[in-house]
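Raw upload00.txt, compact mmCIF, C-alpha atoms and all ligand atoms:
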# COMPACT_ATOMS: atom_id res chain seq x y z
CA MET A 1 121.71 -56.56 34.85
CA THR A 2 120.36 -59.86 36.14
CA ARG A 3 118.41 -59.78 39.33
CA LYS A 4 119.63 -62.00 42.15
CA HIS A 5 116.48 -64.06 42.17
CA GLU A 6 115.92 -64.50 38.46
CA PRO A 7 115.07 -68.15 37.73
CA GLN A 8 117.97 -68.74 35.30
CA THR A 9 120.55 -67.94 37.97
CA LEU A 10 119.08 -70.77 40.00
CA THR A 11 118.86 -73.46 37.29
CA SER A 12 122.15 -75.15 38.15
CA ALA A 13 121.35 -75.15 41.83
CA GLN A 14 117.81 -76.40 42.11
CA PHE A 15 116.08 -79.06 44.14
CA PRO A 16 117.16 -81.63 45.15
CA ARG A 17 120.56 -79.97 45.54
CA VAL A 18 118.97 -76.91 47.13
CA ARG A 19 116.87 -77.62 50.20
CA MET A 20 115.70 -74.56 52.12
CA ARG A 21 114.75 -76.72 55.08
CA ARG A 22 118.41 -77.53 55.93
CA LEU A 23 118.82 -74.26 57.77
CA ARG A 24 115.49 -74.55 59.54
CA ARG A 25 116.21 -77.94 61.10
CA THR A 26 117.08 -76.95 64.69
CA PRO A 27 116.44 -73.97 66.96
CA ALA A 28 120.16 -73.08 66.95
CA LEU A 29 120.34 -73.09 63.15
CA ARG A 30 117.24 -70.93 62.97
CA ARG A 31 118.77 -68.49 65.45
CA MET A 32 121.92 -68.27 63.32
CA VAL A 33 120.10 -67.24 60.17
CA ARG A 34 117.52 -65.00 61.82
CA GLU A 35 117.54 -61.62 60.05
CA THR A 36 115.53 -59.57 62.55
CA THR A 37 115.73 -59.66 66.32
CA LEU A 38 113.67 -58.00 69.00
CA ALA A 39 115.02 -56.69 72.29
CA PRO A 40 113.66 -54.57 75.15
CA ASP A 41 115.92 -51.78 73.80
CA ASP A 42 113.52 -51.46 70.88
CA PHE A 43 110.54 -50.45 73.00
CA ILE A 44 109.01 -47.20 74.22
CA TYR A 45 106.23 -47.77 76.76
CA PRO A 46 103.22 -45.39 76.76
CA LEU A 47 101.85 -44.26 80.13
CA PHE A 48 98.73 -42.26 80.99
CA VAL A 49 99.10 -40.02 84.02
CA THR A 50 96.26 -38.43 85.94
CA HIS A 51 95.52 -36.33 89.02
CA GLY A 52 94.35 -37.73 92.34
CA ARG A 53 95.73 -40.26 94.76
CA GLY A 54 95.65 -44.03 94.74
CA VAL A 55 94.44 -44.14 91.12
CA LYS A 56 95.27 -47.18 89.00
CA ARG A 57 92.24 -47.15 86.72
CA GLU A 58 92.07 -49.79 84.03
CA ILE A 59 91.08 -48.46 80.60
CA PRO A 60 88.00 -50.46 79.60
CA SER A 61 88.91 -50.69 75.90
CA MET A 62 92.59 -51.45 76.67
CA PRO A 63 92.75 -54.33 79.14
CA GLY A 64 96.04 -54.28 81.06
CA GLN A 65 96.60 -50.54 80.51
CA TYR A 66 95.89 -47.98 83.23
CA GLN A 67 95.58 -44.33 84.12
CA TRP A 68 98.05 -43.73 86.94
CA SER A 69 98.10 -41.10 89.66
CA LEU A 70 101.58 -39.96 90.55
CA ASP A 71 101.72 -41.74 93.91
CA MET A 72 101.09 -45.03 92.09
CA LEU A 73 103.50 -44.35 89.25
CA ALA A 74 106.83 -44.95 90.98
CA ALA A 75 106.37 -48.72 91.28
CA GLU A 76 105.34 -48.96 87.63
CA ILE A 77 108.41 -46.95 86.57
CA GLU A 78 110.71 -49.22 88.58
CA GLU A 79 109.17 -52.23 86.87
CA VAL A 80 109.64 -50.73 83.39
CA ALA A 81 113.27 -49.84 84.12
CA ALA A 82 114.00 -53.28 85.62
CA LEU A 83 112.73 -54.92 82.43
CA GLY A 84 115.40 -53.06 80.45
CA ILE A 85 112.94 -50.89 78.54
CA PRO A 86 114.88 -47.68 77.84
CA ALA A 87 112.04 -45.18 77.49
CA VAL A 88 108.47 -44.21 78.33
CA ILE A 89 106.18 -41.77 76.54
CA LEU A 90 103.79 -39.74 78.68
CA PHE A 91 100.20 -38.74 78.02
CA GLY A 92 98.47 -36.49 80.53
CA ILE A 93 94.87 -36.28 81.64
CA PRO A 94 94.46 -32.74 82.97
CA ALA A 95 92.34 -31.69 85.95
CA SER A 96 90.35 -29.32 83.76
CA LYS A 97 90.08 -28.46 80.09
CA ASP A 98 89.64 -25.13 78.30
CA PRO A 99 89.80 -23.83 74.71
CA ILE A 100 93.60 -23.50 74.66
CA GLY A 101 94.50 -26.31 77.05
CA THR A 102 96.20 -24.24 79.74
CA GLU A 103 97.37 -27.19 81.84
CA ASN A 104 99.39 -28.42 78.87
CA PHE A 105 102.08 -25.82 79.55
CA ALA A 106 101.59 -25.30 83.30
CA PRO A 107 104.80 -25.78 85.32
CA ASP A 108 102.85 -28.00 87.74
CA GLY A 109 100.75 -29.72 85.06
CA ILE A 110 100.27 -33.45 85.38
CA VAL A 111 102.89 -34.35 82.78
CA GLN A 112 105.44 -31.87 84.16
CA GLN A 113 105.01 -33.41 87.62
CA ALA A 114 105.26 -36.92 86.21
CA ILE A 115 108.52 -36.10 84.42
CA ARG A 116 110.08 -34.87 87.67
CA LEU A 117 108.92 -37.94 89.53
CA ILE A 118 110.27 -40.34 86.91
CA LYS A 119 113.63 -38.56 86.84
CA ASP A 120 113.72 -39.02 90.63
CA VAL A 121 112.82 -42.70 90.58
CA ALA A 122 114.80 -43.80 87.51
CA PRO A 123 117.12 -41.05 86.27
CA GLU A 124 118.47 -43.22 83.46
CA LEU A 125 115.04 -43.88 81.94
CA VAL A 126 114.47 -41.75 78.84
CA VAL A 127 111.36 -39.62 79.22
CA VAL A 128 109.52 -38.83 75.99
CA THR A 129 106.50 -36.53 76.09
CA ASP A 130 103.64 -36.48 73.63
CA VAL A 131 103.09 -32.89 72.54
CA CYS A 132 99.55 -32.16 71.39
CA MET A 133 96.56 -30.16 72.51
CA CYS A 134 93.73 -32.67 72.18
CA GLU A 135 93.88 -34.09 75.70
CA TYR A 136 93.85 -30.59 77.19
CA THR A 137 91.25 -28.71 75.16
CA ASP A 138 87.54 -28.75 75.97
CA HIS A 139 86.72 -29.21 72.27
CA GLY A 140 89.19 -32.12 71.98
CA HIS A 141 90.98 -30.74 68.93
CA CYS A 142 94.73 -30.70 68.37
CA GLY A 143 94.90 -26.93 67.94
CA ILE A 144 93.27 -23.56 68.46
CA VAL A 145 89.75 -23.72 67.00
CA HIS A 146 88.09 -20.90 65.09
CA GLN A 147 84.35 -21.32 64.59
CA HIS A 148 82.85 -19.96 61.37
CA GLY A 149 79.12 -20.53 61.77
CA ASP A 150 78.60 -24.25 61.17
CA THR A 151 82.18 -24.92 60.19
CA PHE A 152 85.42 -24.62 62.07
CA GLU A 153 89.09 -24.33 61.36
CA ILE A 154 92.14 -25.42 63.33
CA ALA A 155 94.41 -22.38 63.26
CA ASN A 156 97.82 -23.77 62.39
CA ASP A 157 100.16 -20.91 63.22
CA GLU A 158 98.48 -19.89 66.47
CA THR A 159 98.71 -23.50 67.57
CA LEU A 160 102.48 -23.46 67.05
CA ASN A 161 102.82 -20.77 69.72
CA ILE A 162 101.10 -23.01 72.24
CA LEU A 163 103.20 -26.02 71.27
CA GLN A 164 106.32 -23.93 71.87
CA ARG A 165 105.17 -23.18 75.41
CA VAL A 166 104.37 -26.85 75.98
CA VAL A 167 107.80 -28.15 74.95
CA VAL A 168 109.63 -25.53 77.00
CA SER A 169 107.62 -26.55 80.08
CA HIS A 170 108.39 -30.24 79.40
CA ALA A 171 112.08 -29.48 78.95
CA GLU A 172 112.16 -27.43 82.16
CA ALA A 173 110.69 -30.42 83.99
CA GLY A 174 113.44 -32.67 82.59
CA ALA A 175 112.06 -34.34 79.45
CA ASP A 176 114.71 -35.93 77.23
CA ILE A 177 112.67 -36.10 74.04
CA VAL A 178 109.55 -34.21 72.94
CA ALA A 179 107.26 -35.85 70.42
CA PRO A 180 104.85 -33.51 68.62
CA SER A 181 101.84 -35.53 67.45
CA GLY A 182 99.41 -32.89 66.20
CA MET A 183 100.39 -32.81 62.51
CA MET A 184 100.49 -29.01 62.40
CA ASP A 185 102.60 -27.61 59.56
CA GLY A 186 105.87 -26.19 60.83
CA MET A 187 105.56 -27.78 64.27
CA VAL A 188 109.03 -29.33 64.31
CA GLY A 189 110.78 -26.11 63.32
CA ALA A 190 108.79 -24.06 65.82
CA ILE A 191 109.56 -26.51 68.61
CA ARG A 192 113.27 -26.72 67.78
CA GLU A 193 113.49 -22.94 67.81
CA ALA A 194 111.70 -22.65 71.17
CA LEU A 195 113.89 -25.31 72.76
CA ASP A 196 117.10 -23.73 71.48
CA SER A 197 116.18 -20.20 72.46
CA HIS A 198 115.55 -21.43 76.01
CA GLY A 199 118.87 -23.25 76.25
CA PHE A 200 117.50 -26.76 75.69
CA HIS A 201 119.83 -27.70 72.84
CA ASN A 202 120.05 -31.26 74.11
CA VAL A 203 116.35 -32.01 74.15
CA ALA A 204 115.62 -34.13 71.08
CA VAL A 205 112.57 -34.02 68.81
CA LEU A 206 110.87 -37.26 67.81
CA SER A 207 108.38 -36.16 65.20
CA TYR A 208 105.14 -37.99 64.58
CA ALA A 209 106.02 -37.06 61.02
CA VAL A 210 103.71 -39.50 59.29
CA LYS A 211 100.51 -39.80 61.26
CA TYR A 212 97.39 -41.04 59.56
CA ALA A 213 93.77 -40.14 60.30
CA SER A 214 93.19 -43.64 61.63
CA ALA A 215 90.25 -45.43 63.21
CA PHE A 216 92.81 -47.42 65.21
CA TYR A 217 93.13 -44.57 67.75
CA GLY A 218 89.66 -45.29 69.16
CA PRO A 219 90.71 -46.95 72.43
CA PHE A 220 93.39 -44.30 73.06
CA ARG A 221 90.77 -41.59 72.96
CA ASP A 222 89.02 -43.44 75.82
CA ALA A 223 92.31 -43.74 77.66
CA ALA A 224 93.34 -40.12 77.23
CA GLU A 225 89.78 -38.77 77.32
CA SER A 226 90.54 -36.88 74.13
CA PRO A 227 87.94 -37.52 71.42
CA PRO A 228 87.05 -34.46 69.33
CA GLN A 229 83.68 -33.10 70.51
CA PHE A 230 82.73 -32.25 66.89
CA GLY A 231 84.31 -32.88 63.49
CA ASP A 232 87.36 -35.05 62.96
CA ARG A 233 91.12 -34.82 62.48
CA LYS A 234 91.20 -35.22 58.70
CA THR A 235 92.31 -31.66 57.97
CA HIS A 236 95.67 -32.32 59.63
CA GLN A 237 96.22 -36.08 59.93
CA MET A 238 97.08 -37.92 56.71
CA ASP A 239 94.81 -39.81 54.36
CA PRO A 240 95.42 -43.57 54.84
CA ALA A 241 95.62 -43.96 51.07
CA ASN A 242 98.81 -41.92 50.66
CA VAL A 243 102.48 -42.87 50.75
CA ARG A 244 104.22 -40.29 48.50
CA GLU A 245 102.78 -37.64 50.78
CA ALA A 246 104.34 -39.47 53.74
CA LEU A 247 107.78 -38.94 52.23
CA ARG A 248 107.09 -35.22 51.82
CA GLU A 249 105.97 -34.97 55.45
CA ALA A 250 109.11 -36.75 56.60
CA ALA A 251 111.39 -34.63 54.39
CA LEU A 252 109.92 -31.42 55.80
CA ASP A 253 110.40 -32.59 59.38
CA VAL A 254 113.99 -33.60 58.68
CA ALA A 255 114.61 -30.15 57.20
CA GLU A 256 113.01 -28.53 60.25
CA GLY A 257 115.38 -30.36 62.58
CA ALA A 258 113.70 -33.59 63.69
CA ASP A 259 116.12 -36.00 65.37
CA MET A 260 113.90 -39.05 64.90
CA LEU A 261 110.86 -39.84 62.77
CA MET A 262 107.73 -41.82 63.45
CA VAL A 263 105.13 -43.60 61.37
CA LYS A 264 101.77 -44.15 63.04
CA PRO A 265 99.86 -46.51 63.16
CA ALA A 266 102.19 -49.44 62.45
CA LEU A 267 100.43 -52.57 61.23
CA PRO A 268 98.34 -51.24 58.34
CA TYR A 269 101.32 -49.05 57.29
CA LEU A 270 104.28 -51.45 57.09
CA ASP A 271 104.89 -50.33 53.50
CA VAL A 272 105.10 -46.73 54.71
CA ILE A 273 107.64 -47.72 57.39
CA ARG A 274 109.68 -49.40 54.66
CA ALA A 275 109.45 -46.38 52.35
CA VAL A 276 110.51 -43.93 55.08
CA ARG A 277 113.31 -46.28 56.19
CA GLU A 278 114.70 -46.36 52.65
CA ALA A 279 114.48 -42.62 52.10
CA PHE A 280 115.95 -41.35 55.41
CA ASP A 281 118.81 -42.27 57.71
CA LEU A 282 117.28 -40.92 60.92
CA PRO A 283 116.24 -43.35 63.63
CA LEU A 284 112.71 -44.44 62.80
CA ALA A 285 109.98 -45.28 65.29
CA ALA A 286 106.62 -46.90 64.62
CA TYR A 287 103.59 -46.61 66.90
CA ASN A 288 101.78 -49.89 67.47
CA VAL A 289 98.65 -47.99 68.46
CA SER A 290 95.79 -48.63 70.83
CA GLY A 291 93.44 -50.26 68.32
CA GLU A 292 96.16 -52.65 67.24
CA TYR A 293 96.70 -53.55 70.90
CA SER A 294 93.03 -53.98 71.72
CA MET A 295 92.32 -56.22 68.72
CA VAL A 296 94.97 -58.65 69.89
CA LYS A 297 93.73 -58.46 73.48
CA ALA A 298 90.14 -59.15 72.43
CA ALA A 299 91.05 -62.11 70.26
CA ALA A 300 93.34 -63.54 72.95
CA ALA A 301 90.65 -63.14 75.61
CA ASN A 302 88.35 -65.19 73.42
CA GLY A 303 90.97 -67.90 73.06
CA TRP A 304 91.12 -67.30 69.31
CA ILE A 305 94.84 -66.58 69.11
CA ASP A 306 97.90 -67.20 71.25
CA GLU A 307 98.73 -63.73 72.57
CA ARG A 308 102.44 -64.22 73.19
CA SER A 309 103.21 -65.70 69.77
CA VAL A 310 101.05 -63.19 67.96
CA VAL A 311 102.55 -60.19 69.75
CA LEU A 312 106.15 -61.26 69.16
CA GLU A 313 105.34 -61.96 65.51
CA LEU A 314 103.73 -58.60 64.92
CA LEU A 315 106.48 -56.67 66.71
CA THR A 316 109.06 -58.55 64.64
CA GLY A 317 107.08 -57.61 61.53
CA ILE A 318 107.19 -53.93 62.44
CA LYS A 319 110.96 -54.12 62.94
CA ARG A 320 111.49 -56.12 59.75
CA ALA A 321 109.59 -53.43 57.85
CA GLY A 322 112.29 -50.99 58.96
CA ALA A 323 111.44 -49.53 62.37
CA ASP A 324 114.28 -49.13 64.87
CA LEU A 325 111.93 -48.41 67.75
CA ILE A 326 108.38 -49.43 68.55
CA LEU A 327 106.01 -47.52 70.80
CA THR A 328 103.87 -50.31 72.14
CA TYR A 329 101.49 -51.11 74.99
CA PHE A 330 102.94 -54.63 74.79
CA ALA A 331 106.42 -53.40 75.82
CA LYS A 332 106.41 -54.85 79.33
CA ASP A 333 104.97 -58.22 78.32
CA ALA A 334 107.23 -58.49 75.30
CA ALA A 335 110.32 -57.61 77.37
CA ARG A 336 109.37 -60.34 79.83
CA TRP A 337 108.75 -62.89 77.10
CA LEU A 338 112.08 -62.06 75.45
CA GLN A 339 113.87 -62.57 78.79
CA GLU A 340 112.27 -66.02 79.12
CA ALA A 341 112.99 -67.07 75.57
C1 LIG A 401 97.47 -37.21 70.13
C2 LIG A 401 97.75 -38.65 70.06
C3 LIG A 401 96.88 -39.69 69.71
C4 LIG A 401 97.59 -40.88 69.85
C5 LIG A 401 98.88 -40.55 70.28
N1 LIG A 401 98.94 -39.16 70.39
C6 LIG A 401 95.43 -39.67 69.36
C7 LIG A 401 94.92 -38.96 68.20
O1 LIG A 401 95.63 -38.47 67.33
O2 LIG A 401 93.69 -38.87 68.16
C8 LIG A 401 97.06 -42.26 69.59
C9 LIG A 401 97.81 -43.37 70.20
C10 LIG A 401 97.11 -44.68 70.18
O3 LIG A 401 96.04 -44.87 69.58
O4 LIG A 401 97.64 -45.60 70.82
N2 LIG A 401 97.73 -36.67 71.40
Starting from the file, give its structure as structure tokens.
Ligand code: PBG
Amino acid sequence: MTRKHEPQTLTSAQFPRVRMRRLRRTPALRRMVRETTLAPDDFIYPLFVTHGRGVKREIPSMPGQYQWSLDMLAAEIEEVAALGIPAVILFGIPASKDPIGTENFAPDGIVQQAIRLIKDVAPELVVVTDVCMCEYTDHGHCGIVHQHGDTFEIANDETLNILQRVVVSHAEAGADIVAPSGMMDGMVGAIREALDSHGFHNVAVLSYAVKYASAFYGPFRDAAESPPQFGDRKTHQMDPANVREALREAALDVAEGADMLMVKPALPYLDVIRAVREAFDLPLAAYNVSGEYSMVKAAAANGWIDERSVVLELLTGIKRAGADLILTYFAKDAARWLQEA
């Protein structure tokens, strides 16, 4: 078998007969041969919701991103919907934290209230909820913690029970998609079972199937006030060095009933996005995470890069790698820039 690009297949058709620049000559020609396009439909916009009134608090390490109180959220939601962005993903900052994160599954928790409000303001907007414990627990871990002297363990199976309560409360409030992000084993199956047994057959699961233990989440942990108070997340999040393991994670989540998969972060893991894309037919999302956002913001603020060009290039790169959807803090800006283009 000869490969398409083997030199001998090109010998009769070389320069000067072949000139790659012919199809790059004008903007219209370039549009015609463009292989990857971006549209607002590709984006999911992350929002941080908090208690109080009149709060629109900028996150210091994420310029242009805010914590919103519910009375301030409606206008933001209308803006997102008007830009043609189909979905938001919600992160909650609870009023108080405890070892099991009680507000996470409270019927009047901050996320549950936000879901209801969004469904009131923009019923057609898809509401995705992040499902994890770290924002809600006083220790900042993604599960139930057992202390053993100097060491501790995140108790996988006990955590699943909590996650089941969380997704049912999100579904009761009107969530369209739940997105478990805690990398507990069996989380997708447990969540699917809880949703189905409560009559929520139509609530979809977007699994953070392939989530790495990444330093790029730093600014998010400021935004969501969720850093671990001790230890790290390496016993459940993946080692950045691994890709075969990513395919096993994804395969398990598919078997457990995930409707969509996610790879997170995006930019240092484009090869992983490609590998998951090639191995599975489910819709694939990639999370362009907080650190990836803040790096661009910092460089742009210094005048070192052109923000608009850089953002559109990197989002295109994530799509070209194989993502169908991108969770990105740039969603609103990118949607605007695409409208102008
Ligand atoms: C967990 C969660 C995290 C992010 C999304 N969901 C943080 C973590 O795992 O520590 C990170 C998102 C980002 O960095 O933009 N609830």
| said: What residues of the protein or nucleic acid chains come within 10 Å of ligand LIG 401 (chain A) when you use all atoms listed in the file? Reply as a PyMOL selection string. | reply: chain A and resi 46+62+89-92+129-136+140-142+179-183+208+211-228+232-233+236-237+264-265+287-294+327-329
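For the set A:Arg53, A:Lys297, A:Lys97, A:Arg277, the residue with the smallest atom-to-atom gap to A:Val310 is A:Lys297, counting all atoms listed in the file.
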| field | Coordinates-based distance that separates atom CA of A:Leu315 from atom CA of A:Asp333 (Å, one decimal) | value | 11.8 Å
Quick one: contact table of stretch 215-288 of chain A to stretch 193-205 of chain A, 12 Å max, nearest atom pair and distance in Å to one decimal per residue, counting only C-alpha atoms, chain and number order, as a tab-separated table?
residue	atom	partner	partner_atom	distance
A:Asp253	CA	A:Val205	CA	9.8
A:Val254	CA	A:Val205	CA	10.2
A:Glu256	CA	A:Glu193	CA	9.4
A:Gly257	CA	A:Val205	CA	7.8
A:Ala258	CA	A:Val205	CA	5.3
A:Asp259	CA	A:Val205	CA	5.3
A:Met260	CA	A:Val205	CA	6.5
A:Leu261	CA	A:Val205	CA	8.6
A:Met262	CA	A:Val205	CA	10.6
A:Leu282	CA	A:Val205	CA	11.5
A:Pro283	CA	A:Val205	CA	11.3
| request: Figure out the distance between atom CA of A:Ala209 and atom CA of A:Arg244, please, to one decimal in Å. | output: 13.1 Å
| message | Rounded to one decimal, what separation in Å do you get between atom CA of A:Arg274 and atom CA of A:Glu249? | response | 14.9 Å
| task | Could you please give me, as a VMD selection string, the residues of protein, DNA or RNA lying at most 12 Å from (107.1, -46.3, 78.1) in the coordinate frame of the file, considering only C-alpha atoms? | result | chain A and resid 40 to 49 65 73 76 to 81 83 to 91 118 125 to 130 287 325 to 332 335
| field | From A:Ile59, A:Met187, A:Ile93, A:Leu38, residue lying nearest A:Leu312 [all atoms listed in the file] | value |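 The closest residue to A:Leu312 is A:Leu38.
Here the question is which of A:Ala114, A:Leu267, A:Ala155, A:Ala251 gets nearest to A:Val188 using only C-alpha atoms, and that residue is A:Ala251.
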Would you fill out stretch 94-124 of chain A with N, CA and C atoms and return it as an mmCIF file, in the frame of the given file?
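In the end it all went to result_18.cif:
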data_model
loop_
_atom_site.group_PDB
_atom_site.id
_atom_site.type_symbol
_atom_site.label_atom_id
_atom_site.label_comp_id
_atom_site.auth_asym_id
_atom_site.auth_seq_id
_atom_site.Cartn_x
_atom_site.Cartn_y
_atom_site.Cartn_z
ATOM 1 N N PRO A 94 94.412 -33.934 82.118
ATOM 2 C CA PRO A 94 94.460 -32.740 82.970
ATOM 3 C C PRO A 94 93.282 -32.703 83.943
ATOM 4 N N ALA A 95 93.416 -31.857 84.964
ATOM 5 C CA ALA A 95 92.340 -31.690 85.950
ATOM 6 C C ALA A 95 91.160 -30.978 85.318
ATOM 7 N N SER A 96 91.452 -30.007 84.432
ATOM 8 C CA SER A 96 90.350 -29.320 83.760
ATOM 9 C C SER A 96 90.792 -28.914 82.360
ATOM 10 N N LYS A 97 89.799 -28.777 81.491
ATOM 11 C CA LYS A 97 90.080 -28.460 80.090
ATOM 12 C C LYS A 97 89.526 -27.083 79.757
ATOM 13 N N ASP A 98 90.131 -26.434 78.777
ATOM 14 C CA ASP A 98 89.640 -25.130 78.300
ATOM 15 C C ASP A 98 90.008 -25.003 76.827
ATOM 16 N N PRO A 99 89.602 -23.903 76.179
ATOM 17 C CA PRO A 99 89.800 -23.830 74.710
ATOM 18 C C PRO A 99 91.259 -23.895 74.270
ATOM 19 N N ILE A 100 92.197 -23.443 75.103
ATOM 20 C CA ILE A 100 93.600 -23.500 74.660
ATOM 21 C C ILE A 100 94.413 -24.567 75.403
ATOM 22 N N GLY A 101 93.795 -25.239 76.343
ATOM 23 C CA GLY A 101 94.500 -26.310 77.050
ATOM 24 C C GLY A 101 95.610 -25.794 77.946
ATOM 25 N N THR A 102 95.210 -24.931 78.900
ATOM 26 C CA THR A 102 96.200 -24.240 79.740
ATOM 27 C C THR A 102 97.100 -25.196 80.531
ATOM 28 N N GLU A 103 96.542 -26.299 81.009
ATOM 29 C CA GLU A 103 97.370 -27.190 81.840
ATOM 30 C C GLU A 103 98.521 -27.816 81.061
ATOM 31 N N ASN A 104 98.372 -27.839 79.755
ATOM 32 C CA ASN A 104 99.390 -28.420 78.870
ATOM 33 C C ASN A 104 100.759 -27.784 79.079
ATOM 34 N N PHE A 105 100.782 -26.504 79.386
ATOM 35 C CA PHE A 105 102.080 -25.820 79.550
ATOM 36 C C PHE A 105 102.255 -25.252 80.956
ATOM 37 N N ALA A 106 101.460 -25.761 81.910
ATOM 38 C CA ALA A 106 101.590 -25.300 83.300
ATOM 39 C C ALA A 106 102.805 -25.966 83.951
ATOM 40 N N PRO A 107 103.608 -25.195 84.686
ATOM 41 C CA PRO A 107 104.800 -25.780 85.320
ATOM 42 C C PRO A 107 104.453 -26.948 86.246
ATOM 43 N N ASP A 108 103.249 -26.898 86.858
ATOM 44 C CA ASP A 108 102.850 -28.000 87.740
ATOM 45 C C ASP A 108 101.750 -28.856 87.104
ATOM 46 N N GLY A 109 101.689 -28.854 85.776
ATOM 47 C CA GLY A 109 100.750 -29.720 85.060
ATOM 48 C C GLY A 109 101.054 -31.187 85.350
ATOM 49 N N ILE A 110 100.112 -32.038 85.009
ATOM 50 C CA ILE A 110 100.270 -33.450 85.380
ATOM 51 C C ILE A 110 101.494 -34.090 84.706
ATOM 52 N N VAL A 111 101.736 -33.762 83.463
ATOM 53 C CA VAL A 111 102.890 -34.350 82.780
ATOM 54 C C VAL A 111 104.201 -33.798 83.348
ATOM 55 N N GLN A 112 104.222 -32.479 83.606
ATOM 56 C CA GLN A 112 105.440 -31.870 84.160
ATOM 57 C C GLN A 112 105.779 -32.504 85.504
ATOM 58 N N GLN A 113 104.766 -32.753 86.328
ATOM 59 C CA GLN A 113 105.010 -33.410 87.620
ATOM 60 C C GLN A 113 105.484 -34.849 87.426
ATOM 61 N N ALA A 114 104.881 -35.520 86.464
ATOM 62 C CA ALA A 114 105.260 -36.920 86.210
ATOM 63 C C ALA A 114 106.713 -37.015 85.743
ATOM 64 N N ILE A 115 107.129 -36.085 84.897
ATOM 65 C CA ILE A 115 108.520 -36.100 84.420
ATOM 66 C C ILE A 115 109.476 -36.005 85.613
ATOM 67 N N ARG A 116 109.188 -35.051 86.508
ATOM 68 C CA ARG A 116 110.080 -34.870 87.670
ATOM 69 C C ARG A 116 110.128 -36.128 88.514
ATOM 70 N N LEU A 117 108.973 -36.723 88.721
ATOM 71 C CA LEU A 117 108.920 -37.940 89.530
ATOM 72 C C LEU A 117 109.728 -39.078 88.887
ATOM 73 N N ILE A 118 109.561 -39.246 87.598
ATOM 74 C CA ILE A 118 110.270 -40.340 86.910
ATOM 75 C C ILE A 118 111.779 -40.100 86.971
ATOM 76 N N LYS A 119 112.190 -38.866 86.797
ATOM 77 C CA LYS A 119 113.630 -38.560 86.840
ATOM 78 C C LYS A 119 114.198 -38.790 88.238
ATOM 79 N N ASP A 120 113.338 -38.707 89.253
ATOM 80 C CA ASP A 120 113.720 -39.020 90.630
ATOM 81 C C ASP A 120 113.873 -40.518 90.852
ATOM 82 N N VAL A 121 112.884 -41.252 90.335
ATOM 83 C CA VAL A 121 112.820 -42.700 90.580
ATOM 84 C C VAL A 121 113.828 -43.457 89.724
ATOM 85 N N ALA A 122 113.943 -43.072 88.464
ATOM 86 C CA ALA A 122 114.800 -43.800 87.510
ATOM 87 C C ALA A 122 115.458 -42.804 86.568
ATOM 88 N N PRO A 123 116.514 -42.145 87.053
ATOM 89 C CA PRO A 123 117.120 -41.050 86.270
ATOM 90 C C PRO A 123 117.590 -41.473 84.887
ATOM 91 N N GLU A 124 117.926 -42.761 84.742
ATOM 92 C CA GLU A 124 118.470 -43.220 83.460
ATOM 93 C C GLU A 124 117.367 -43.491 82.425
#
